[in-house]
file protein_12.txt (compact mmCIF, C-alpha atoms and all ligand atoms)
# COMPACT_ATOMS: atom_id res chain seq x y z
CA MET Q 61 -12.57 -27.80 27.83
CA ASN Q 62 -11.08 -25.14 25.56
CA THR Q 63 -8.79 -23.14 27.85
CA ASP Q 64 -9.00 -20.04 25.61
CA ALA Q 65 -12.78 -19.94 25.87
CA VAL Q 66 -14.26 -16.64 27.05
CA PRO Q 67 -16.98 -16.69 29.75
CA LEU Q 68 -20.27 -15.24 28.53
CA SER Q 69 -20.88 -13.76 31.96
CA GLY Q 70 -19.18 -11.59 34.56
CA PRO Q 71 -18.75 -7.83 35.05
CA ARG Q 72 -16.93 -7.11 31.76
CA PHE Q 73 -19.51 -8.94 29.73
CA GLN Q 74 -22.26 -7.14 31.62
CA ASN Q 75 -20.77 -3.64 31.55
CA GLU Q 76 -18.74 -3.33 28.36
CA PRO Q 77 -19.78 -6.10 25.99
CA ALA Q 78 -18.95 -4.11 22.83
CA ARG Q 79 -15.31 -3.84 23.86
CA LEU Q 80 -15.22 -7.49 24.89
CA TYR Q 81 -16.62 -8.54 21.49
CA ARG Q 82 -13.90 -6.47 19.77
CA GLU Q 83 -11.23 -8.24 21.82
CA MET Q 84 -12.76 -11.66 21.12
CA ARG Q 85 -12.79 -10.88 17.41
CA ALA Q 86 -9.15 -9.76 17.49
CA GLU Q 87 -8.06 -12.88 19.35
CA HIS Q 88 -10.25 -15.64 17.89
CA GLY Q 89 -11.77 -14.25 14.71
CA ALA Q 90 -15.42 -14.32 13.73
CA VAL Q 91 -16.33 -17.44 15.72
CA THR Q 92 -15.17 -17.51 19.34
CA PRO Q 93 -15.20 -20.38 21.85
CA VAL Q 94 -17.24 -19.31 24.88
CA LEU Q 95 -18.28 -20.76 28.22
CA LEU Q 96 -21.80 -20.49 29.53
CA ASP Q 97 -22.75 -20.72 33.21
CA GLY Q 98 -21.18 -23.87 34.75
CA ASP Q 99 -18.40 -23.92 32.08
CA VAL Q 100 -20.72 -25.27 29.40
CA PRO Q 101 -18.99 -24.77 26.03
CA GLY Q 102 -20.41 -23.10 22.95
CA TRP Q 103 -19.37 -20.96 19.98
CA LEU Q 104 -20.29 -17.29 19.75
CA VAL Q 105 -20.77 -16.24 16.13
CA LEU Q 106 -19.55 -12.63 16.03
CA GLY Q 107 -18.99 -12.14 12.31
CA TYR Q 108 -21.75 -10.64 10.19
CA ARG Q 109 -20.99 -12.92 7.23
CA GLU Q 110 -20.66 -16.02 9.41
CA LEU Q 111 -23.95 -15.21 11.11
CA HIS Q 112 -25.56 -14.91 7.71
CA GLN Q 113 -24.18 -18.31 6.83
CA VAL Q 114 -25.45 -19.91 10.06
CA THR Q 115 -28.96 -18.42 9.97
CA GLY Q 116 -29.28 -19.02 6.22
CA ASP Q 117 -28.65 -22.79 6.40
CA PRO Q 118 -31.25 -24.33 8.74
CA VAL Q 119 -30.23 -27.88 7.78
CA LEU Q 120 -26.51 -27.66 8.60
CA PHE Q 121 -27.17 -25.26 11.50
CA SER Q 122 -30.37 -26.64 12.95
CA ARG Q 123 -32.73 -25.25 15.55
CA ASP Q 124 -33.23 -28.77 16.94
CA SER Q 125 -31.77 -28.55 20.46
CA GLU Q 126 -31.95 -32.34 20.75
CA LEU Q 127 -28.75 -32.44 18.63
CA TRP Q 128 -26.70 -30.85 21.42
CA ASN Q 129 -23.65 -32.95 22.34
CA GLN Q 130 -23.60 -31.52 25.90
CA TRP Q 131 -26.91 -32.76 27.25
CA ASP Q 132 -25.17 -35.44 29.36
CA THR Q 133 -23.32 -32.72 31.28
CA ILE Q 134 -26.26 -30.36 31.84
CA PRO Q 135 -27.77 -30.53 35.36
CA GLY Q 136 -31.54 -30.51 35.71
CA ASP Q 137 -31.42 -27.18 37.55
CA TRP Q 138 -29.09 -25.40 35.09
CA PRO Q 139 -30.19 -21.75 35.19
CA LEU Q 140 -29.98 -21.34 31.41
CA LEU Q 141 -32.32 -24.27 30.72
CA PRO Q 142 -35.41 -22.11 30.17
CA MET Q 143 -33.60 -20.37 27.31
CA ILE Q 144 -32.16 -23.55 25.74
CA GLY Q 145 -35.09 -25.83 26.04
CA ARG Q 146 -35.11 -29.58 25.51
CA ARG Q 147 -38.10 -31.43 24.14
CA GLN Q 148 -40.19 -28.27 24.20
CA PRO Q 149 -42.83 -28.67 21.56
CA SER Q 150 -42.98 -24.92 20.76
CA ILE Q 151 -42.16 -23.28 17.41
CA LEU Q 152 -38.72 -22.42 18.77
CA TYR Q 153 -37.35 -25.95 18.44
CA THR Q 154 -39.51 -27.19 15.58
CA VAL Q 155 -37.72 -27.69 12.25
CA GLY Q 156 -38.45 -28.32 8.58
CA GLU Q 157 -41.92 -28.28 7.01
CA ARG Q 158 -43.79 -28.29 10.33
CA HIS Q 159 -41.82 -25.20 11.36
CA ARG Q 160 -42.74 -23.42 8.13
CA GLU Q 161 -46.42 -24.22 8.72
CA ARG Q 162 -46.27 -23.07 12.30
CA ALA Q 163 -44.41 -19.85 11.48
CA ALA Q 164 -47.03 -19.09 8.80
CA MET Q 165 -49.88 -19.76 11.26
CA ILE Q 166 -48.33 -17.34 13.80
CA SER Q 167 -47.54 -14.69 11.19
CA ASN Q 168 -51.05 -14.79 9.73
CA ALA Q 169 -52.68 -14.57 13.16
CA LEU Q 170 -50.53 -11.59 14.16
CA GLU Q 171 -50.75 -9.85 10.79
CA ALA Q 172 -54.53 -9.68 10.86
CA SER Q 173 -54.45 -7.56 14.02
CA ASP Q 174 -55.82 -4.05 13.59
CA ALA Q 175 -52.90 -1.60 13.75
CA THR Q 176 -55.02 1.34 14.92
CA GLN Q 177 -56.51 -0.67 17.73
CA LEU Q 178 -53.06 -1.92 18.70
CA ARG Q 179 -51.78 1.66 18.97
CA ARG Q 180 -54.84 2.67 21.01
CA HIS Q 181 -54.33 -0.19 23.48
CA ALA Q 182 -50.64 0.67 23.75
CA GLU Q 183 -51.46 4.34 24.41
CA ARG Q 184 -54.12 3.51 26.98
CA PHE Q 185 -51.93 1.13 28.98
CA ALA Q 186 -48.95 3.51 28.73
CA ASP Q 187 -51.11 6.39 30.01
CA GLU Q 188 -52.33 4.23 32.90
CA LEU Q 189 -48.76 3.45 33.90
CA ILE Q 190 -47.72 7.11 33.72
CA ASP Q 191 -50.85 8.05 35.70
CA ALA Q 192 -49.57 5.84 38.52
CA VAL Q 193 -46.33 7.83 38.85
CA CYS Q 194 -46.80 11.31 37.36
CA ALA Q 195 -47.88 13.08 40.57
CA LYS Q 196 -44.77 11.87 42.40
CA GLY Q 197 -42.13 13.59 40.28
CA THR Q 198 -39.87 10.51 40.27
CA ALA Q 199 -40.10 7.05 38.75
CA ASP Q 200 -38.11 4.03 37.68
CA LEU Q 201 -38.93 3.75 33.99
CA ILE Q 202 -37.87 0.10 33.88
CA GLY Q 203 -39.68 -1.43 36.88
CA GLN Q 204 -42.67 0.92 36.82
CA TYR Q 205 -43.06 1.29 33.08
CA ALA Q 206 -41.10 -0.63 30.43
CA MET Q 207 -41.38 -3.98 32.24
CA LEU Q 208 -45.13 -3.61 32.59
CA LEU Q 209 -46.17 -2.29 29.20
CA PRO Q 210 -45.55 -4.75 26.33
CA VAL Q 211 -47.02 -7.76 28.14
CA ARG Q 212 -50.25 -5.83 28.87
CA VAL Q 213 -50.63 -4.85 25.22
CA LEU Q 214 -49.76 -8.32 23.92
CA ALA Q 215 -52.11 -10.07 26.36
CA ARG Q 216 -54.95 -7.85 25.11
CA LEU Q 217 -54.02 -8.44 21.47
CA TYR Q 218 -53.89 -12.21 21.91
CA GLY Q 219 -57.33 -12.33 23.55
CA PHE Q 220 -57.02 -11.89 27.32
CA SER Q 221 -59.35 -9.52 29.11
CA ASP Q 222 -58.03 -6.33 30.72
CA GLU Q 223 -58.68 -7.83 34.18
CA GLU Q 224 -56.33 -10.74 33.48
CA GLY Q 225 -53.48 -8.44 32.37
CA PRO Q 226 -51.89 -7.50 35.71
CA SER Q 227 -51.61 -11.08 36.99
CA LEU Q 228 -50.02 -12.16 33.68
CA VAL Q 229 -47.52 -9.30 33.97
CA ALA Q 230 -46.58 -10.37 37.49
CA ALA Q 231 -46.32 -14.04 36.50
CA LEU Q 232 -44.18 -13.35 33.44
CA ASN Q 233 -41.78 -11.09 35.32
CA ASP Q 234 -41.47 -13.69 38.12
CA VAL Q 235 -40.59 -16.38 35.58
CA VAL Q 236 -38.00 -14.21 33.87
CA ASP Q 237 -36.32 -13.09 37.08
CA GLY Q 238 -36.17 -16.66 38.38
CA ARG Q 239 -37.60 -15.44 41.69
CA GLU Q 240 -39.36 -17.69 44.25
CA GLY Q 241 -42.59 -17.26 42.33
CA ALA Q 242 -41.06 -18.53 39.06
CA LEU Q 243 -42.69 -21.95 39.05
CA ALA Q 244 -46.03 -20.65 40.27
CA GLY Q 245 -45.79 -17.93 37.59
CA GLN Q 246 -45.15 -20.53 34.91
CA ARG Q 247 -48.17 -22.54 36.11
CA HIS Q 248 -50.34 -19.42 36.12
CA ILE Q 249 -49.40 -18.56 32.53
CA ALA Q 250 -49.98 -22.14 31.32
CA ALA Q 251 -53.36 -22.36 33.10
CA SER Q 252 -54.44 -18.97 31.71
CA MET Q 253 -53.54 -20.07 28.16
CA THR Q 254 -55.49 -23.31 28.54
CA GLU Q 255 -58.53 -21.42 29.80
CA LEU Q 256 -58.38 -18.91 27.00
CA LEU Q 257 -58.06 -21.65 24.36
CA ALA Q 258 -61.02 -23.54 25.77
CA ALA Q 259 -63.14 -20.37 25.77
CA ARG Q 260 -62.22 -19.44 22.19
CA ARG Q 261 -62.82 -22.98 20.88
CA VAL Q 262 -66.42 -22.51 22.00
CA ALA Q 263 -66.81 -18.84 21.13
CA PRO Q 264 -64.21 -17.41 18.69
CA ALA Q 265 -63.55 -13.67 18.81
CA ASP Q 266 -61.54 -11.14 16.80
CA ASP Q 267 -58.19 -11.93 18.40
CA VAL Q 268 -54.90 -13.71 17.77
CA VAL Q 269 -55.81 -16.88 19.67
CA SER Q 270 -59.05 -17.38 17.72
CA ARG Q 271 -57.16 -16.95 14.45
CA MET Q 272 -54.53 -19.50 15.52
CA LEU Q 273 -57.29 -21.98 16.39
CA ALA Q 274 -59.02 -21.40 13.04
CA ASP Q 275 -55.87 -21.99 10.98
CA PRO Q 276 -56.73 -24.54 8.26
CA ARG Q 277 -53.41 -26.40 8.72
CA GLY Q 278 -54.77 -27.66 12.03
CA PHE Q 279 -52.75 -27.40 15.25
CA THR Q 280 -53.41 -29.06 18.58
CA ASP Q 281 -54.32 -26.99 21.65
CA GLU Q 282 -50.98 -28.07 23.13
CA GLU Q 283 -49.05 -26.66 20.14
CA ILE Q 284 -51.00 -23.41 20.20
CA ALA Q 285 -50.62 -22.99 23.97
CA GLN Q 286 -46.84 -23.54 23.68
CA ASP Q 287 -46.56 -21.00 20.88
CA LEU Q 288 -48.64 -18.45 22.78
CA ILE Q 289 -46.29 -18.75 25.75
CA VAL Q 290 -43.35 -18.09 23.39
CA MET Q 291 -45.19 -15.17 21.78
CA LEU Q 292 -45.88 -13.62 25.18
CA GLY Q 293 -42.39 -14.12 26.65
CA ALA Q 294 -40.34 -13.61 23.46
CA GLY Q 295 -42.47 -10.60 22.66
CA HIS Q 296 -42.47 -8.90 26.04
CA GLN Q 297 -38.83 -9.04 27.14
CA PRO Q 298 -37.09 -7.61 24.06
CA THR Q 299 -39.79 -5.00 23.49
CA ALA Q 300 -39.48 -3.83 27.11
CA ALA Q 301 -35.70 -3.60 26.69
CA TRP Q 302 -36.14 -1.74 23.39
CA ILE Q 303 -38.24 0.89 25.22
CA GLY Q 304 -35.78 1.13 28.14
CA ASN Q 305 -32.65 1.29 25.97
CA SER Q 306 -34.21 3.94 23.70
CA LEU Q 307 -35.24 6.09 26.67
CA ARG Q 308 -31.75 5.72 28.13
CA LEU Q 309 -30.19 6.87 24.87
CA MET Q 310 -32.49 9.88 24.64
CA LEU Q 311 -31.83 10.85 28.26
CA THR Q 312 -28.07 10.43 28.17
CA ASP Q 313 -26.99 11.50 24.68
CA ALA Q 314 -26.84 15.23 23.90
CA ARG Q 315 -27.87 14.57 20.28
CA PHE Q 316 -31.35 13.67 21.52
CA ALA Q 317 -31.68 16.17 24.36
CA ALA Q 318 -33.56 18.82 22.35
CA SER Q 319 -36.23 16.38 21.28
CA LEU Q 320 -37.10 15.58 24.88
CA PHE Q 321 -38.68 19.00 25.08
CA GLY Q 322 -39.75 19.34 21.50
CA GLY Q 323 -41.59 16.17 20.59
CA ARG Q 324 -41.19 12.83 18.96
CA ASN Q 325 -39.12 13.57 15.90
CA SER Q 326 -36.13 11.60 16.90
CA VAL Q 327 -37.81 8.68 18.68
CA ALA Q 328 -37.50 6.59 15.51
CA GLU Q 329 -33.81 7.50 15.23
CA ALA Q 330 -33.11 6.57 18.83
CA MET Q 331 -34.98 3.28 18.47
CA ASN Q 332 -33.08 2.46 15.29
CA GLU Q 333 -29.74 3.33 16.84
CA VAL Q 334 -30.54 1.03 19.78
CA LEU Q 335 -31.11 -1.87 17.37
CA TRP Q 336 -27.61 -1.32 15.98
CA GLU Q 337 -25.71 -0.51 19.17
CA ASP Q 338 -27.55 -2.04 22.15
CA THR Q 339 -29.93 -4.49 20.61
CA PRO Q 340 -32.31 -6.11 23.13
CA THR Q 341 -31.66 -9.72 22.09
CA SER Q 342 -27.89 -9.37 22.29
CA ASN Q 343 -27.19 -13.10 21.93
CA PHE Q 344 -29.55 -15.86 20.94
CA ALA Q 345 -29.26 -19.60 21.59
CA GLY Q 346 -29.12 -20.82 19.06
CA ARG Q 347 -28.36 -23.33 16.38
CA TRP Q 348 -26.79 -26.81 16.59
CA ALA Q 349 -24.40 -28.20 13.96
CA SER Q 350 -25.97 -31.27 12.35
CA ARG Q 351 -22.53 -32.55 11.21
CA ASP Q 352 -18.84 -31.68 11.54
CA THR Q 353 -18.04 -28.51 9.64
CA HIS Q 354 -15.83 -25.40 9.49
CA LEU Q 355 -16.94 -21.90 10.28
CA GLY Q 356 -14.89 -18.72 10.57
CA GLY Q 357 -11.69 -20.77 10.70
CA GLN Q 358 -12.91 -22.99 13.57
CA ASN Q 359 -13.61 -26.72 13.54
CA ILE Q 360 -17.20 -27.20 14.61
CA ARG Q 361 -18.21 -30.67 15.70
CA ALA Q 362 -21.60 -32.29 15.12
CA GLY Q 363 -23.89 -31.29 17.97
CA ASP Q 364 -21.94 -28.16 18.96
CA LEU Q 365 -24.00 -25.17 20.09
CA LEU Q 366 -23.68 -21.96 18.08
CA ILE Q 367 -24.88 -18.81 19.80
CA LEU Q 368 -26.01 -16.04 17.47
CA GLY Q 369 -23.92 -12.99 18.47
CA LEU Q 370 -26.45 -10.47 17.20
CA GLN Q 371 -25.07 -7.41 18.98
CA ALA Q 372 -21.48 -8.26 18.02
CA ALA Q 373 -22.35 -8.92 14.36
CA ASN Q 374 -24.20 -5.59 14.14
CA SER Q 375 -20.90 -3.82 14.80
CA ASP Q 376 -18.65 -6.09 12.73
CA PRO Q 377 -16.08 -3.63 11.32
CA GLN Q 378 -15.98 -5.62 8.06
CA VAL Q 379 -19.51 -4.52 7.22
CA ARG Q 380 -19.83 -1.41 9.39
CA PRO Q 381 -16.82 0.85 9.45
CA VAL Q 382 -16.61 3.25 12.41
CA GLY Q 383 -18.89 6.27 11.90
CA ASP Q 384 -21.15 4.43 9.46
CA ASP Q 385 -24.63 5.76 8.75
CA LEU Q 386 -27.24 4.49 11.20
CA SER Q 387 -30.09 6.47 9.71
CA VAL Q 388 -33.64 5.19 9.89
CA GLY Q 389 -34.28 2.89 6.95
CA ASN Q 390 -30.90 1.20 7.23
CA ASN Q 391 -32.19 -1.97 8.82
CA ALA Q 392 -29.54 -4.41 7.66
CA HIS Q 393 -28.89 -5.27 11.31
CA PHE Q 394 -29.34 -8.74 12.79
CA SER Q 395 -31.51 -7.62 15.70
CA PHE Q 396 -34.48 -9.79 14.69
CA GLY Q 397 -32.37 -12.72 13.47
CA HIS Q 398 -32.40 -13.87 9.87
CA GLY Q 399 -33.60 -16.75 7.71
CA GLU Q 400 -36.43 -19.19 8.31
CA HIS Q 401 -36.34 -18.84 12.08
CA ARG Q 402 -36.09 -15.06 12.26
CA CYS Q 403 -38.60 -13.11 14.34
CA PRO Q 404 -41.82 -13.12 12.28
CA PHE Q 405 -42.25 -9.83 10.34
CA PRO Q 406 -45.67 -8.99 11.83
CA ALA Q 407 -44.17 -9.53 15.32
CA GLN Q 408 -41.44 -7.04 14.47
CA GLU Q 409 -44.05 -4.51 13.39
CA ILE Q 410 -46.12 -5.01 16.54
CA ALA Q 411 -43.01 -4.64 18.70
CA GLU Q 412 -42.19 -1.40 16.89
CA VAL Q 413 -45.66 0.07 17.46
CA ILE Q 414 -45.57 -0.82 21.16
CA ALA Q 415 -42.04 0.52 21.65
CA ARG Q 416 -42.63 3.72 19.66
CA THR Q 417 -45.86 4.40 21.55
CA GLY Q 418 -44.20 3.57 24.87
CA VAL Q 419 -41.33 6.00 24.32
CA GLY Q 420 -43.60 8.67 22.83
CA VAL Q 421 -46.08 8.66 25.73
CA VAL Q 422 -43.24 9.23 28.23
CA LEU Q 423 -42.00 12.24 26.26
CA ASP Q 424 -45.52 13.67 25.83
CA ARG Q 425 -46.59 13.24 29.42
CA LEU Q 426 -43.31 14.09 31.21
CA PRO Q 427 -41.73 16.71 28.93
CA ASP Q 428 -39.02 17.93 31.34
CA ILE Q 429 -37.93 14.42 32.27
CA ASP Q 430 -34.31 13.98 33.33
CA LEU Q 431 -32.12 11.21 34.69
CA ALA Q 432 -32.21 11.14 38.50
CA VAL Q 433 -28.77 9.49 38.77
CA PRO Q 434 -25.44 9.91 36.94
CA ALA Q 435 -25.53 8.11 33.58
CA GLU Q 436 -22.46 6.03 34.54
CA SER Q 437 -24.27 4.52 37.50
CA LEU Q 438 -26.95 2.85 35.35
CA SER Q 439 -26.49 -0.91 35.42
CA TRP Q 440 -27.27 -3.64 32.91
CA ARG Q 441 -29.00 -6.92 33.63
CA PRO Q 442 -26.53 -9.81 34.01
CA SER Q 443 -28.26 -11.90 31.32
CA PRO Q 444 -26.12 -13.41 28.54
CA TRP Q 445 -29.12 -13.09 26.20
CA LEU Q 446 -30.79 -9.78 26.88
CA ARG Q 447 -29.30 -6.28 26.85
CA GLY Q 448 -31.50 -4.23 29.14
CA LEU Q 449 -31.16 -1.95 32.16
CA THR Q 450 -31.99 -3.01 35.70
CA GLU Q 451 -33.41 0.46 36.50
CA LEU Q 452 -33.83 3.86 34.86
CA PRO Q 453 -34.50 6.36 37.68
CA VAL Q 454 -35.88 9.69 36.39
CA ARG Q 455 -37.31 12.90 37.82
CA PHE Q 456 -39.74 15.42 36.35
CA THR Q 457 -42.16 18.13 37.38
CA PRO Q 458 -45.12 16.39 39.04
CA THR Q 459 -48.28 16.51 36.92
CA PRO Q 460 -51.84 15.33 37.60
CA ALA Q 461 -53.02 11.99 36.26
CA LEU Q 462 -55.22 11.90 33.15
CA GLY Q 463 -57.38 9.25 34.79
CA GLY Q 464 -59.22 6.87 32.50
CA ASN Q 465 -59.15 8.90 29.27
C1 LIG A 501 -44.51 -8.37 19.66
C2 LIG A 501 -43.29 -8.68 19.95
C3 LIG A 501 -42.61 -9.95 19.49
C4 LIG A 501 -43.13 -11.20 19.23
C5 LIG A 501 -44.58 -11.64 19.31
C6 LIG A 501 -42.01 -12.04 18.85
C7 LIG A 501 -42.12 -13.38 18.49
C8 LIG A 501 -41.08 -14.19 18.08
C9 LIG A 501 -41.22 -15.59 17.73
C10 LIG A 501 -42.52 -16.38 17.72
C11 LIG A 501 -39.98 -16.04 17.39
C12 LIG A 501 -39.62 -17.46 16.95
C13 LIG A 501 -39.59 -17.55 15.44
C14 LIG A 501 -39.28 -18.93 14.94
O1 LIG A 501 -38.70 -19.76 15.68
O2 LIG A 501 -39.60 -19.21 13.78
C15 LIG A 501 -39.06 -14.92 17.54
C16 LIG A 501 -37.72 -15.00 17.28
C17 LIG A 501 -36.89 -13.96 17.49
N1 LIG A 501 -37.21 -12.68 17.88
FE1 LIG A 501 -39.03 -11.94 18.26
N2 LIG A 501 -40.84 -11.31 18.87
C18 LIG A 501 -41.17 -10.03 19.27
C19 LIG A 501 -40.31 -8.98 19.45
C20 LIG A 501 -38.97 -9.04 19.24
C21 LIG A 501 -38.03 -7.94 19.47
C22 LIG A 501 -38.40 -6.54 19.94
C23 LIG A 501 -36.79 -8.42 19.17
C24 LIG A 501 -35.46 -7.72 19.22
C25 LIG A 501 -35.29 -6.45 18.93
C26 LIG A 501 -36.94 -9.81 18.75
C27 LIG A 501 -35.90 -10.62 18.35
C28 LIG A 501 -36.04 -11.95 17.98
C29 LIG A 501 -34.91 -12.79 17.62
C30 LIG A 501 -33.45 -12.38 17.60
C31 LIG A 501 -35.43 -14.06 17.31
C32 LIG A 501 -34.63 -15.30 16.90
C33 LIG A 501 -34.29 -15.21 15.45
C34 LIG A 501 -33.47 -16.37 14.96
O3 LIG A 501 -33.41 -17.44 15.58
O4 LIG A 501 -32.84 -16.21 13.88
N3 LIG A 501 -38.28 -10.14 18.80
N4 LIG A 501 -39.75 -13.80 17.95
call {"tool": "encode", "arguments": {"input": "protein_12.txt", "output": "structure tokens"}}
result
Amino acid sequence: MNTDAVPLSGPRFQNEPARLYREMRAEHGAVTPVLLDGDVPGWLVLGYRELHQVTGDPVLFSRDSELWNQWDTIPGDWPLLPMIGRRQPSILYTVGERHRERAAMISNALEASDATQLRRHAERFADELIDAVCAKGTADLIGQYAMLLPVRVLARLYGFSDEEGPSLVAALNDVVDGREGALAGQRHIAASMTELLAARRVAPADDVVSRMLADPRGFTDEEIAQDLIVMLGAGHQPTAAWIGNSLRLMLTDARFAASLFGGRNSVAEAMNEVLWEDTPTSNFAGRWASRDTHLGGQNIRAGDLLILGLQAANSDPQVRPVGDDLSVGNNAHFSFGHGEHRCPFPAQEIAEVIARTGVGVVLDRLPDIDLAVPAESLSWRPSPWLRGLTELPVRFTPTPALGGN
């Protein structure tokens, strides 16, 4: 074990990751040895250029988790297993030509979604969630809003009925939190996907699942079900955190205070700033070296795990001097990854519509909203992968529900 390795967990990592990344960079350079839960070793790629190199070379830095040289040491109940899967036949760990085909199938199916309808669904579900809290004058915008919204919209877009939405939300949040219901939640999601696929094989509709099934490249139901699970989970979590982190910024930073009363002008700016400073997918696992190599001055062995340090690379002082312009339109950040395995472009657009609508509806419906606790007391989830708040307690003047409009 590398004795200099930095744990990718603990209070400092949770509370002040930006400072920790700066220290790691000063001590180890652009590629830092880290320890995951249970002292499992990996490399955190903090440098913007190095991250470009890793994500731009899918042969040397493969997405095939089977290459990992640590599998012998990983216990079956390792808590990070769901995020570093083994032998999962989803798009996430597929490589080469089959990956390109699968990514194209997913992109095409998402791209054909009607943007106006998407916005309408997002508005309707957001209004429903605000309706449930607006008469009370207080709410937790994470647990009662952000964590419930993207999954409802995505489920509808993919092909689920409105009635199935709430149970999918509950199941997905159980799986992510690793609560008692995690396994039952996972089974519920898998069974719901199988049912939906069977129904759409018989009677296709105008939805994402039907388009995936109709793809001329031909994918098995198993492949499509696996990818749908990824698209639901990988879509919901970061989009929910994007909403929560943007609302936090607007509620805690004086630069945005005026817009809380005045409208939506700076929602796009806040959302963009979040992608640079507090990006939802802060670290992503990952890539595996297919042979011995050098990176950022470190010797990387075949089979080593490289974790994409997306948040750290976004603030690499070599490419982003302090005080640099974060204006909308400057999207040279790494928040959606890069290269062949990056987040599909249509997925990014869908996430943006859901997040922008989600933030906008809060500001429209609760115009005098304010934090109900001191900003310093807000706490971040302990996840090594996701940068999101545990709660965002707010207060506002109680208003009547819109009710079904
Ligand atoms: C509608 C919402 C979304 C959907 C459906 C979605 C879907 C996906 C899928 C299918 C992949 C795997 C791509 C592949 O392996 O080829 C992926 C990767 C990824 N997504 Fe998303 N995503 C969504 C939102 C987001 C958001 C909001 C963020 C962060 C701001 C994000 C960040 C990422 C990152 C960092 C990767 C990995 C990129 C890499 O390995 O280089 N995604 N996403």
call {"tool": "residues_around", "arguments": {"input": "protein_12.txt", "residues": "Ala172 (chain Q)", "least_positions_apart": "2", "cutoff": "9 Å", "atoms": "all atoms listed in the file", "output": "MDAnalysis selection string"}}
result
chainID Q and resid 167:170 174:175 267:268 271 406
call {"tool": "write_last_selection", "arguments": {"input": "protein_12.txt", "atoms": "C-alpha atoms", "output": "mmCIF file, in the frame of the given file"}}
result
data_model
loop_
_atom_site.group_PDB
_atom_site.id
_atom_site.type_symbol
_atom_site.label_atom_id
_atom_site.label_comp_id
_atom_site.auth_asym_id
_atom_site.auth_seq_id
_atom_site.Cartn_x
_atom_site.Cartn_y
_atom_site.Cartn_z
ATOM 1 C CA SER Q 167 -47.540 -14.690 11.190
ATOM 2 C CA ASN Q 168 -51.050 -14.790 9.730
ATOM 3 C CA ALA Q 169 -52.680 -14.570 13.160
ATOM 4 C CA LEU Q 170 -50.530 -11.590 14.160
ATOM 5 C CA ASP Q 174 -55.820 -4.050 13.590
ATOM 6 C CA ALA Q 175 -52.900 -1.600 13.750
ATOM 7 C CA ASP Q 267 -58.190 -11.930 18.400
ATOM 8 C CA VAL Q 268 -54.900 -13.710 17.770
ATOM 9 C CA ARG Q 271 -57.160 -16.950 14.450
ATOM 10 C CA PRO Q 406 -45.670 -8.990 11.830
#
call {"tool": "residues_near_ligand", "arguments": {"input": "protein_12.txt", "ligand": "ligand LIG 501 (chain A)", "cutoff": "7 Å", "atoms": "only C-alpha atoms and all ligand atoms", "output": "compact mmCIF listing (two decimals) with C-alpha atoms, in the coordinates of the input"}}
result
# COMPACT_ATOMS: atom_id res chain seq x y z
CA THR Q 115 -28.96 -18.42 9.97
CA ILE Q 151 -42.16 -23.28 17.41
CA LEU Q 152 -38.72 -22.42 18.77
CA TYR Q 153 -37.35 -25.95 18.44
CA HIS Q 159 -41.82 -25.20 11.36
CA ALA Q 163 -44.41 -19.85 11.48
CA LEU Q 214 -49.76 -8.32 23.92
CA ASP Q 287 -46.56 -21.00 20.88
CA VAL Q 290 -43.35 -18.09 23.39
CA MET Q 291 -45.19 -15.17 21.78
CA LEU Q 292 -45.88 -13.62 25.18
CA ALA Q 294 -40.34 -13.61 23.46
CA GLY Q 295 -42.47 -10.60 22.66
CA HIS Q 296 -42.47 -8.90 26.04
CA PRO Q 298 -37.09 -7.61 24.06
CA THR Q 299 -39.79 -5.00 23.49
CA TRP Q 302 -36.14 -1.74 23.39
CA LEU Q 335 -31.11 -1.87 17.37
CA THR Q 339 -29.93 -4.49 20.61
CA PRO Q 340 -32.31 -6.11 23.13
CA THR Q 341 -31.66 -9.72 22.09
CA PHE Q 344 -29.55 -15.86 20.94
CA GLY Q 346 -29.12 -20.82 19.06
CA SER Q 395 -31.51 -7.62 15.70
CA PHE Q 396 -34.48 -9.79 14.69
CA GLY Q 397 -32.37 -12.72 13.47
CA HIS Q 398 -32.40 -13.87 9.87
CA GLY Q 399 -33.60 -16.75 7.71
CA GLU Q 400 -36.43 -19.19 8.31
CA HIS Q 401 -36.34 -18.84 12.08
CA ARG Q 402 -36.09 -15.06 12.26
CA CYS Q 403 -38.60 -13.11 14.34
CA PRO Q 404 -41.82 -13.12 12.28
CA ALA Q 407 -44.17 -9.53 15.32
CA GLN Q 408 -41.44 -7.04 14.47
CA ILE Q 410 -46.12 -5.01 16.54
CA ALA Q 411 -43.01 -4.64 18.70
call {"tool": "residues_around", "arguments": {"input": "protein_12.txt", "residues": "Gln113 (chain Q)", "least_positions_apart": "2", "cutoff": "12 Å", "atoms": "all atoms listed in the file", "output": "list in words"}}
result
Ala90, Val91, Val105, Leu106, Gly107, Tyr108, Arg109, Glu110, Leu111, Thr115, Gly116, Asp117, Pro118, Val119, Leu120, Phe121, Arg347, His354, Leu355, Gly356, Leu366, Leu368, Gly397, His398 and Gly399 of chain Q
call {"tool": "atom_distance", "arguments": {"input": "protein_12.txt", "atom1": "CA of Glu283 (chain Q)", "atom2": "CA of Gln297 (chain Q)"}}
result
21.5 Å
call {"tool": "closest_residue", "arguments": {"input": "protein_12.txt", "among": "Q:Leu127, Q:Val229, Q:Leu178, Q:Ala251", "to": "Gln286 (chain Q)", "atoms": "all atoms listed in the file"}}
result
Q:Ala251
call {"tool": "atom_distance", "arguments": {"input": "protein_12.txt", "atom1": "CA of Val379 (chain Q)", "atom2": "CA of Ala301 (chain Q)"}}
result
25.3 Å
